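What follows is the content of upload-v6.pdb, which has PDB, N, CA and C atoms, pLDDT in the B column:
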```
ATOM      1  N   MET A   1       0.815  -1.194   0.000  1.00 89.00           N
ATOM      2  CA  MET A   1       0.000   0.000   0.000  1.00 89.00           C
ATOM      3  C   MET A   1       0.863   1.265   0.000  1.00 89.00           C
ATOM      4  N   PHE A   2       1.903   1.313   0.820  1.00 94.00           N
ATOM      5  CA  PHE A   2       2.721   2.518   0.911  1.00 94.00           C
ATOM      6  C   PHE A   2       3.226   2.929  -0.468  1.00 94.00           C
ATOM      7  N   GLY A   3       3.779   1.987  -1.206  1.00 96.00           N
ATOM      8  CA  GLY A   3       4.342   2.289  -2.512  1.00 96.00           C
ATOM      9  C   GLY A   3       3.310   2.835  -3.487  1.00 96.00           C
ATOM     10  N   GLU A   4       2.107   2.277  -3.440  1.00 96.00           N
ATOM     11  CA  GLU A   4       1.039   2.737  -4.322  1.00 96.00           C
ATOM     12  C   GLU A   4       0.625   4.161  -3.978  1.00 96.00           C
ATOM     13  N   ILE A   5       0.481   4.425  -2.702  1.00 95.00           N
ATOM     14  CA  ILE A   5       0.118   5.781  -2.251  1.00 95.00           C
ATOM     15  C   ILE A   5       1.217   6.763  -2.625  1.00 95.00           C
ATOM     16  N   LEU A   6       2.465   6.370  -2.401  1.00 97.00           N
ATOM     17  CA  LEU A   6       3.599   7.229  -2.724  1.00 97.00           C
ATOM     18  C   LEU A   6       3.609   7.556  -4.211  1.00 97.00           C
ATOM     19  N   ASN A   7       3.468   6.550  -5.053  1.00 97.00           N
ATOM     20  CA  ASN A   7       3.491   6.748  -6.496  1.00 97.00           C
ATOM     21  C   ASN A   7       2.348   7.658  -6.942  1.00 97.00           C
ATOM     22  N   LYS A   8       1.163   7.374  -6.501  1.00 97.00           N
ATOM     23  CA  LYS A   8      -0.015   8.141  -6.904  1.00 97.00           C
ATOM     24  C   LYS A   8       0.091   9.597  -6.438  1.00 97.00           C
ATOM     25  N   THR A   9       0.534   9.798  -5.215  1.00 96.00           N
ATOM     26  CA  THR A   9       0.631  11.149  -4.670  1.00 96.00           C
ATOM     27  C   THR A   9       1.723  11.938  -5.384  1.00 96.00           C
ATOM     28  N   ARG A  10       2.857  11.308  -5.611  1.00 97.00           N
ATOM     29  CA  ARG A  10       3.957  11.978  -6.314  1.00 97.00           C
ATOM     30  C   ARG A  10       3.500  12.434  -7.692  1.00 97.00           C
ATOM     31  N   LYS A  11       2.851  11.556  -8.409  1.00 98.00           N
ATOM     32  CA  LYS A  11       2.382  11.899  -9.749  1.00 98.00           C
ATOM     33  C   LYS A  11       1.334  13.007  -9.714  1.00 98.00           C
ATOM     34  N   SER A  12       0.449  12.971  -8.732  1.00 97.00           N
ATOM     35  CA  SER A  12      -0.592  14.002  -8.645  1.00 97.00           C
ATOM     36  C   SER A  12      -0.009  15.380  -8.348  1.00 97.00           C
ATOM     37  N   LYS A  13       1.180  15.408  -7.756  1.00 96.00           N
ATOM     38  CA  LYS A  13       1.853  16.673  -7.448  1.00 96.00           C
ATOM     39  C   LYS A  13       2.749  17.130  -8.591  1.00 96.00           C
ATOM     40  N   GLY A  14       2.857  16.322  -9.651  1.00 97.00           N
ATOM     41  CA  GLY A  14       3.684  16.687 -10.789  1.00 97.00           C
ATOM     42  C   GLY A  14       5.175  16.589 -10.524  1.00 97.00           C
ATOM     43  N   ILE A  15       5.555  15.693  -9.639  1.00 98.00           N
ATOM     44  CA  ILE A  15       6.957  15.498  -9.277  1.00 98.00           C
ATOM     45  C   ILE A  15       7.436  14.193  -9.906  1.00 98.00           C
ATOM     46  N   THR A  16       8.596  14.230 -10.541  1.00 98.00           N
ATOM     47  CA  THR A  16       9.132  13.011 -11.147  1.00 98.00           C
ATOM     48  C   THR A  16       9.819  12.159 -10.087  1.00 98.00           C
ATOM     49  N   ALA A  17       9.985  10.894 -10.401  1.00 98.00           N
ATOM     50  CA  ALA A  17      10.704   9.993  -9.499  1.00 98.00           C
ATOM     51  C   ALA A  17      12.149  10.463  -9.327  1.00 98.00           C
ATOM     52  N   GLN A  18      12.736  10.976 -10.392  1.00 98.00           N
ATOM     53  CA  GLN A  18      14.113  11.480 -10.302  1.00 98.00           C
ATOM     54  C   GLN A  18      14.197  12.691  -9.370  1.00 98.00           C
ATOM     55  N   GLN A  19      13.214  13.570  -9.419  1.00 98.00           N
ATOM     56  CA  GLN A  19      13.199  14.721  -8.515  1.00 98.00           C
ATOM     57  C   GLN A  19      13.094  14.268  -7.057  1.00 98.00           C
ATOM     58  N   MET A  20      12.279  13.243  -6.816  1.00 98.00           N
ATOM     59  CA  MET A  20      12.167  12.720  -5.447  1.00 98.00           C
ATOM     60  C   MET A  20      13.492  12.116  -5.012  1.00 98.00           C
ATOM     61  N   ALA A  21      14.106  11.331  -5.875  1.00 98.00           N
ATOM     62  CA  ALA A  21      15.393  10.716  -5.545  1.00 98.00           C
ATOM     63  C   ALA A  21      16.431  11.794  -5.243  1.00 98.00           C
ATOM     64  N   ASP A  22      16.471  12.831  -6.064  1.00 98.00           N
ATOM     65  CA  ASP A  22      17.415  13.927  -5.844  1.00 98.00           C
ATOM     66  C   ASP A  22      17.149  14.620  -4.507  1.00 98.00           C
ATOM     67  N   HIS A  23      15.886  14.852  -4.201  1.00 97.00           N
ATOM     68  CA  HIS A  23      15.514  15.497  -2.933  1.00 97.00           C
ATOM     69  C   HIS A  23      15.968  14.657  -1.732  1.00 97.00           C
ATOM     70  N   LEU A  24      15.905  13.354  -1.894  1.00 98.00           N
ATOM     71  CA  LEU A  24      16.263  12.448  -0.802  1.00 98.00           C
ATOM     72  C   LEU A  24      17.750  12.080  -0.806  1.00 98.00           C
ATOM     73  N   ASN A  25      18.471  12.549  -1.818  1.00 98.00           N
ATOM     74  CA  ASN A  25      19.898  12.235  -1.974  1.00 98.00           C
ATOM     75  C   ASN A  25      20.146  10.731  -2.075  1.00 98.00           C
ATOM     76  N   ILE A  26      19.306  10.074  -2.887  1.00 98.00           N
ATOM     77  CA  ILE A  26      19.455   8.640  -3.131  1.00 98.00           C
ATOM     78  C   ILE A  26      19.376   8.413  -4.638  1.00 98.00           C
ATOM     79  N   SER A  27      19.737   7.218  -5.068  1.00 98.00           N
ATOM     80  CA  SER A  27      19.654   6.897  -6.488  1.00 98.00           C
ATOM     81  C   SER A  27      18.191   6.696  -6.892  1.00 98.00           C
ATOM     82  N   LEU A  28      17.941   6.843  -8.174  1.00 98.00           N
ATOM     83  CA  LEU A  28      16.595   6.608  -8.690  1.00 98.00           C
ATOM     84  C   LEU A  28      16.172   5.167  -8.411  1.00 98.00           C
ATOM     85  N   ARG A  29      17.094   4.237  -8.571  1.00 98.00           N
ATOM     86  CA  ARG A  29      16.782   2.828  -8.302  1.00 98.00           C
ATOM     87  C   ARG A  29      16.332   2.632  -6.851  1.00 98.00           C
ATOM     88  N   SER A  30      17.045   3.249  -5.915  1.00 97.00           N
ATOM     89  CA  SER A  30      16.669   3.138  -4.500  1.00 97.00           C
ATOM     90  C   SER A  30      15.285   3.712  -4.258  1.00 97.00           C
ATOM     91  N   TYR A  31      14.991   4.857  -4.887  1.00 98.00           N
ATOM     92  CA  TYR A  31      13.662   5.447  -4.730  1.00 98.00           C
ATOM     93  C   TYR A  31      12.593   4.529  -5.304  1.00 98.00           C
ATOM     94  N   ARG A  32      12.864   3.959  -6.454  1.00 98.00           N
ATOM     95  CA  ARG A  32      11.891   3.060  -7.091  1.00 98.00           C
ATOM     96  C   ARG A  32      11.561   1.862  -6.192  1.00 98.00           C
ATOM     97  N   TYR A  33      12.522   1.428  -5.379  1.00 98.00           N
ATOM     98  CA  TYR A  33      12.249   0.333  -4.435  1.00 98.00           C
ATOM     99  C   TYR A  33      11.134   0.715  -3.462  1.00 98.00           C
ATOM    100  N   TYR A  34      11.077   1.988  -3.069  1.00 98.00           N
ATOM    101  CA  TYR A  34       9.995   2.432  -2.175  1.00 98.00           C
ATOM    102  C   TYR A  34       8.639   2.320  -2.875  1.00 98.00           C
ATOM    103  N   GLU A  35       8.592   2.767  -4.122  1.00 97.00           N
ATOM    104  CA  GLU A  35       7.321   2.751  -4.841  1.00 97.00           C
ATOM    105  C   GLU A  35       6.878   1.336  -5.216  1.00 97.00           C
ATOM    106  N   SER A  36       7.799   0.414  -5.297  1.00 97.00           N
ATOM    107  CA  SER A  36       7.435  -0.965  -5.628  1.00 97.00           C
ATOM    108  C   SER A  36       7.273  -1.840  -4.379  1.00 97.00           C
ATOM    109  N   ASN A  37       7.360  -1.223  -3.214  1.00 95.00           N
ATOM    110  CA  ASN A  37       7.217  -1.912  -1.924  1.00 95.00           C
ATOM    111  C   ASN A  37       8.296  -2.957  -1.679  1.00 95.00           C
ATOM    112  N   ASP A  38       9.435  -2.831  -2.346  1.00 96.00           N
ATOM    113  CA  ASP A  38      10.546  -3.741  -2.100  1.00 96.00           C
ATOM    114  C   ASP A  38      11.373  -3.320  -0.886  1.00 96.00           C
ATOM    115  N   ARG A  39      11.295  -2.040  -0.546  1.00 96.00           N
ATOM    116  CA  ARG A  39      11.976  -1.505   0.637  1.00 96.00           C
ATOM    117  C   ARG A  39      11.097  -0.452   1.278  1.00 96.00           C
ATOM    118  N   GLN A  40      11.304  -0.257   2.564  1.00 95.00           N
ATOM    119  CA  GLN A  40      10.597   0.786   3.297  1.00 95.00           C
ATOM    120  C   GLN A  40      11.603   1.859   3.704  1.00 95.00           C
ATOM    121  N   PRO A  41      11.220   3.130   3.610  1.00 96.00           N
ATOM    122  CA  PRO A  41      12.154   4.193   3.992  1.00 96.00           C
ATOM    123  C   PRO A  41      12.337   4.254   5.505  1.00 96.00           C
ATOM    124  N   SER A  42      13.467   4.798   5.910  1.00 96.00           N
ATOM    125  CA  SER A  42      13.685   5.062   7.332  1.00 96.00           C
ATOM    126  C   SER A  42      12.715   6.140   7.784  1.00 96.00           C
ATOM    127  N   TYR A  43      12.595   6.318   9.075  1.00 96.00           N
ATOM    128  CA  TYR A  43      11.708   7.354   9.604  1.00 96.00           C
ATOM    129  C   TYR A  43      12.103   8.728   9.067  1.00 96.00           C
ATOM    130  N   ASP A  44      13.389   9.044   9.094  1.00 97.00           N
ATOM    131  CA  ASP A  44      13.854  10.346   8.605  1.00 97.00           C
ATOM    132  C   ASP A  44      13.519  10.542   7.130  1.00 97.00           C
ATOM    133  N   THR A  45      13.685   9.512   6.346  1.00 97.00           N
ATOM    134  CA  THR A  45      13.374   9.599   4.923  1.00 97.00           C
ATOM    135  C   THR A  45      11.877   9.736   4.707  1.00 97.00           C
ATOM    136  N   LEU A  46      11.087   9.022   5.480  1.00 97.00           N
ATOM    137  CA  LEU A  46       9.636   9.128   5.386  1.00 97.00           C
ATOM    138  C   LEU A  46       9.186  10.564   5.640  1.00 97.00           C
ATOM    139  N   VAL A  47       9.768  11.207   6.623  1.00 98.00           N
ATOM    140  CA  VAL A  47       9.428  12.603   6.933  1.00 98.00           C
ATOM    141  C   VAL A  47       9.816  13.507   5.768  1.00 98.00           C
ATOM    142  N   LYS A  48      10.966  13.285   5.170  1.00 98.00           N
ATOM    143  CA  LYS A  48      11.389  14.092   4.019  1.00 98.00           C
ATOM    144  C   LYS A  48      10.435  13.906   2.841  1.00 98.00           C
ATOM    145  N   ILE A  49       9.994  12.675   2.628  1.00 98.00           N
ATOM    146  CA  ILE A  49       9.048  12.396   1.550  1.00 98.00           C
ATOM    147  C   ILE A  49       7.735  13.139   1.811  1.00 98.00           C
ATOM    148  N   ALA A  50       7.225  13.034   3.024  1.00 97.00           N
ATOM    149  CA  ALA A  50       5.970  13.700   3.374  1.00 97.00           C
ATOM    150  C   ALA A  50       6.090  15.211   3.210  1.00 97.00           C
ATOM    151  N   ASP A  51       7.214  15.765   3.630  1.00 97.00           N
ATOM    152  CA  ASP A  51       7.415  17.207   3.489  1.00 97.00           C
ATOM    153  C   ASP A  51       7.435  17.625   2.027  1.00 97.00           C
ATOM    154  N   LYS A  52       8.129  16.878   1.199  1.00 97.00           N
ATOM    155  CA  LYS A  52       8.217  17.196  -0.230  1.00 97.00           C
ATOM    156  C   LYS A  52       6.840  17.138  -0.890  1.00 97.00           C
ATOM    157  N   LEU A  53       6.037  16.162  -0.501  1.00 97.00           N
ATOM    158  CA  LEU A  53       4.720  15.976  -1.098  1.00 97.00           C
ATOM    159  C   LEU A  53       3.625  16.785  -0.395  1.00 97.00           C
ATOM    160  N   ASN A  54       3.979  17.427   0.710  1.00 96.00           N
ATOM    161  CA  ASN A  54       3.041  18.222   1.508  1.00 96.00           C
ATOM    162  C   ASN A  54       1.847  17.386   1.985  1.00 96.00           C
ATOM    163  N   VAL A  55       2.162  16.203   2.482  1.00 95.00           N
ATOM    164  CA  VAL A  55       1.155  15.326   3.076  1.00 95.00           C
ATOM    165  C   VAL A  55       1.680  14.858   4.428  1.00 95.00           C
ATOM    166  N   THR A  56       0.823  14.230   5.198  1.00 93.00           N
ATOM    167  CA  THR A  56       1.248  13.709   6.494  1.00 93.00           C
ATOM    168  C   THR A  56       1.880  12.328   6.327  1.00 93.00           C
ATOM    169  N   THR A  57       2.692  11.958   7.288  1.00 94.00           N
ATOM    170  CA  THR A  57       3.257  10.610   7.275  1.00 94.00           C
ATOM    171  C   THR A  57       2.134   9.584   7.467  1.00 94.00           C
ATOM    172  N   ASP A  58       1.128   9.919   8.244  1.00 92.00           N
ATOM    173  CA  ASP A  58      -0.007   9.008   8.421  1.00 92.00           C
ATOM    174  C   ASP A  58      -0.696   8.717   7.095  1.00 92.00           C
ATOM    175  N   PHE A  59      -0.823   9.725   6.260  1.00 92.00           N
ATOM    176  CA  PHE A  59      -1.430   9.515   4.941  1.00 92.00           C
ATOM    177  C   PHE A  59      -0.591   8.536   4.133  1.00 92.00           C
ATOM    178  N   LEU A  60       0.720   8.739   4.109  1.00 93.00           N
ATOM    179  CA  LEU A  60       1.596   7.851   3.341  1.00 93.00           C
ATOM    180  C   LEU A  60       1.573   6.426   3.872  1.00 93.00           C
ATOM    181  N   LEU A  61       1.360   6.282   5.174  1.00 92.00           N
ATOM    182  CA  LEU A  61       1.336   4.961   5.794  1.00 92.00           C
ATOM    183  C   LEU A  61      -0.067   4.364   5.841  1.00 92.00           C
ATOM    184  N   CYS A  62      -0.995   5.004   5.130  1.00 87.00           N
ATOM    185  CA  CYS A  62      -2.372   4.507   5.025  1.00 87.00           C
ATOM    186  C   CYS A  62      -3.096   4.499   6.366  1.00 87.00           C
ATOM    187  N   ARG A  63      -2.720   5.406   7.239  1.00 82.00           N
ATOM    188  CA  ARG A  63      -3.373   5.485   8.541  1.00 82.00           C
ATOM    189  C   ARG A  63      -4.495   6.518   8.554  1.00 82.00           C
ATOM    190  N   THR A  64      -4.630   7.270   7.484  1.00 70.00           N
ATOM    191  CA  THR A  64      -5.698   8.252   7.349  1.00 70.00           C
ATOM    192  C   THR A  64      -5.960   8.471   5.877  1.00 70.00           C
ATOM    193  N   HIS A  65      -7.152   8.875   5.543  1.00 62.00           N
ATOM    194  CA  HIS A  65      -7.468   9.154   4.148  1.00 62.00           C
ATOM    195  C   HIS A  65      -7.353  10.642   3.836  1.00 62.00           C
ATOM    196  N   LEU A  66      -6.981  11.422   4.830  1.00 56.00           N
ATOM    197  CA  LEU A  66      -6.771  12.846   4.595  1.00 56.00           C
ATOM    198  C   LEU A  66      -5.414  13.044   3.955  1.00 56.00           C
ATOM    199  N   GLY A  67      -5.345  13.913   3.005  1.00 53.00           N
ATOM    200  CA  GLY A  67      -4.103  14.101   2.271  1.00 53.00           C
ATOM    201  C   GLY A  67      -3.250  15.230   2.790  1.00 53.00           C
ATOM    202  N   GLU A  68      -3.502  16.415   2.307  1.00 53.00           N
ATOM    203  CA  GLU A  68      -2.591  17.525   2.563  1.00 53.00           C
ATOM    204  C   GLU A  68      -2.657  17.992   3.999  1.00 53.00           C
ATOM    205  N   ARG A  69      -1.486  18.394   4.467  1.00 52.00           N
ATOM    206  CA  ARG A  69      -1.386  18.932   5.814  1.00 52.00           C
ATOM    207  C   ARG A  69      -2.099  20.277   5.871  1.00 52.00           C
ATOM    208  N   ALA A  70      -2.669  20.549   6.998  1.00 49.00           N
ATOM    209  CA  ALA A  70      -3.271  21.868   7.198  1.00 49.00           C
ATOM    210  C   ALA A  70      -2.138  22.859   7.444  1.00 49.00           C
ATOM    211  N   GLU A  71      -2.276  24.032   6.888  1.00 51.00           N
ATOM    212  CA  GLU A  71      -1.268  25.060   7.130  1.00 51.00           C
ATOM    213  C   GLU A  71      -1.328  25.464   8.598  1.00 51.00           C
ATOM    214  N   GLN A  72      -0.165  25.590   9.194  1.00 47.00           N
ATOM    215  CA  GLN A  72      -0.101  25.968  10.590  1.00 47.00           C
ATOM    216  C   GLN A  72      -0.383  27.462  10.722  1.00 47.00           C
ATOM    217  N   ASP A  73      -1.217  27.798  11.674  1.00 41.00           N
ATOM    218  CA  ASP A  73      -1.517  29.195  11.922  1.00 41.00           C
ATOM    219  C   ASP A  73      -0.434  29.780  12.811  1.00 41.00           C
ATOM    220  N   THR A  74       0.304  30.741  12.243  1.00 42.00           N
ATOM    221  CA  THR A  74       1.406  31.335  12.994  1.00 42.00           C
ATOM    222  C   THR A  74       0.943  32.517  13.830  1.00 42.00           C
ATOM    223  N   GLY A  75      -0.308  32.909  13.671  1.00 46.00           N
ATOM    224  CA  GLY A  75      -0.849  34.000  14.466  1.00 46.00           C
ATOM    225  C   GLY A  75      -0.398  35.364  13.989  1.00 46.00           C
ATOM    226  N   GLU A  76       0.178  35.408  12.796  1.00 42.00           N
ATOM    227  CA  GLU A  76       0.654  36.691  12.263  1.00 42.00           C
ATOM    228  C   GLU A  76      -0.364  37.301  11.344  1.00 42.00           C
TER
END
```
As structure tokens, the full file:
Amino acid sequence: MFGEILNKTRKSKGITAQQMADHLNISLRSYRYYESNDRQPSYDTLVKIADKLNVTTDFLLCRTHLGERAEQDTGE
């Protein structure tokens, strides 16, 4: 499930797999392993992926059906 959600969300944001790999400082092959469910990212990498895609880690882990993070109110 994680890989499918990751792939679908990345594509919906108009981000290429190579751009994600570059953002994570990993090879394209390593990134593709995440999308094919052959490997799971570390916690730190999962957070970087969620930040890049502007979604929650819970969404990526199929723990919620809500997608985008709510913007934090800074009170300014």
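The closest residue to Gln19 (chain A), picked from A:Ile49, A:Leu60, A:Val55, A:Met1 and counting only C-alpha atoms, is A:Ile49.
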Please report the interatomic distance between atom C of Gly3 (chain A) and CA of Glu35 (chain A) in Å with one decimal. 4.2 Å
Centre, edges in Å (one decimal): axis-aligned box, region 9-19 of chain A, 5 Å padding on all six sides, as AutoDock Vina command-line options:
```
--center_x 6.8 --center_y 13.5 --center_z -7.9 --size_x 24.8 --size_y 17.3 --size_z 16.5
```
Could you please determine the separation between CA of Tyr34 (chain A) and atom N of Ala21 (chain A) in Å, to one decimal place?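 Separating CA of Tyr34 (chain A) from atom N of Ala21 (chain A) is a distance of 10.5 Å.
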Coordinates-based distance that separates atom N of Phe2 (chain A) from CA of Cys62 (chain A) (Å, one decimal): 6.8 Å
Residues within 7 Å of Tyr31 (chain A), please, as an mmCIF file with N, CA and C atoms, in the frame of the given file. Count all atoms listed in the file; anything in the same chain fewer than 5 positions from it doesn't count.
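The resulting file, around.cif, is reproduced below:
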```
data_model
loop_
_atom_site.group_PDB
_atom_site.id
_atom_site.type_symbol
_atom_site.label_atom_id
_atom_site.label_comp_id
_atom_site.auth_asym_id
_atom_site.auth_seq_id
_atom_site.Cartn_x
_atom_site.Cartn_y
_atom_site.Cartn_z
ATOM 1 N N ALA A 17 9.985 10.894 -10.401
ATOM 2 C CA ALA A 17 10.704 9.993 -9.499
ATOM 3 C C ALA A 17 12.149 10.463 -9.327
ATOM 4 N N MET A 20 12.279 13.243 -6.816
ATOM 5 C CA MET A 20 12.167 12.720 -5.447
ATOM 6 C C MET A 20 13.492 12.116 -5.012
ATOM 7 N N ALA A 21 14.106 11.331 -5.875
ATOM 8 C CA ALA A 21 15.393 10.716 -5.545
ATOM 9 C C ALA A 21 16.431 11.794 -5.243
ATOM 10 N N ILE A 26 19.306 10.074 -2.887
ATOM 11 C CA ILE A 26 19.455 8.640 -3.131
ATOM 12 C C ILE A 26 19.376 8.413 -4.638
ATOM 13 N N SER A 36 7.799 0.414 -5.297
ATOM 14 C CA SER A 36 7.435 -0.965 -5.628
ATOM 15 C C SER A 36 7.273 -1.840 -4.379
#
```
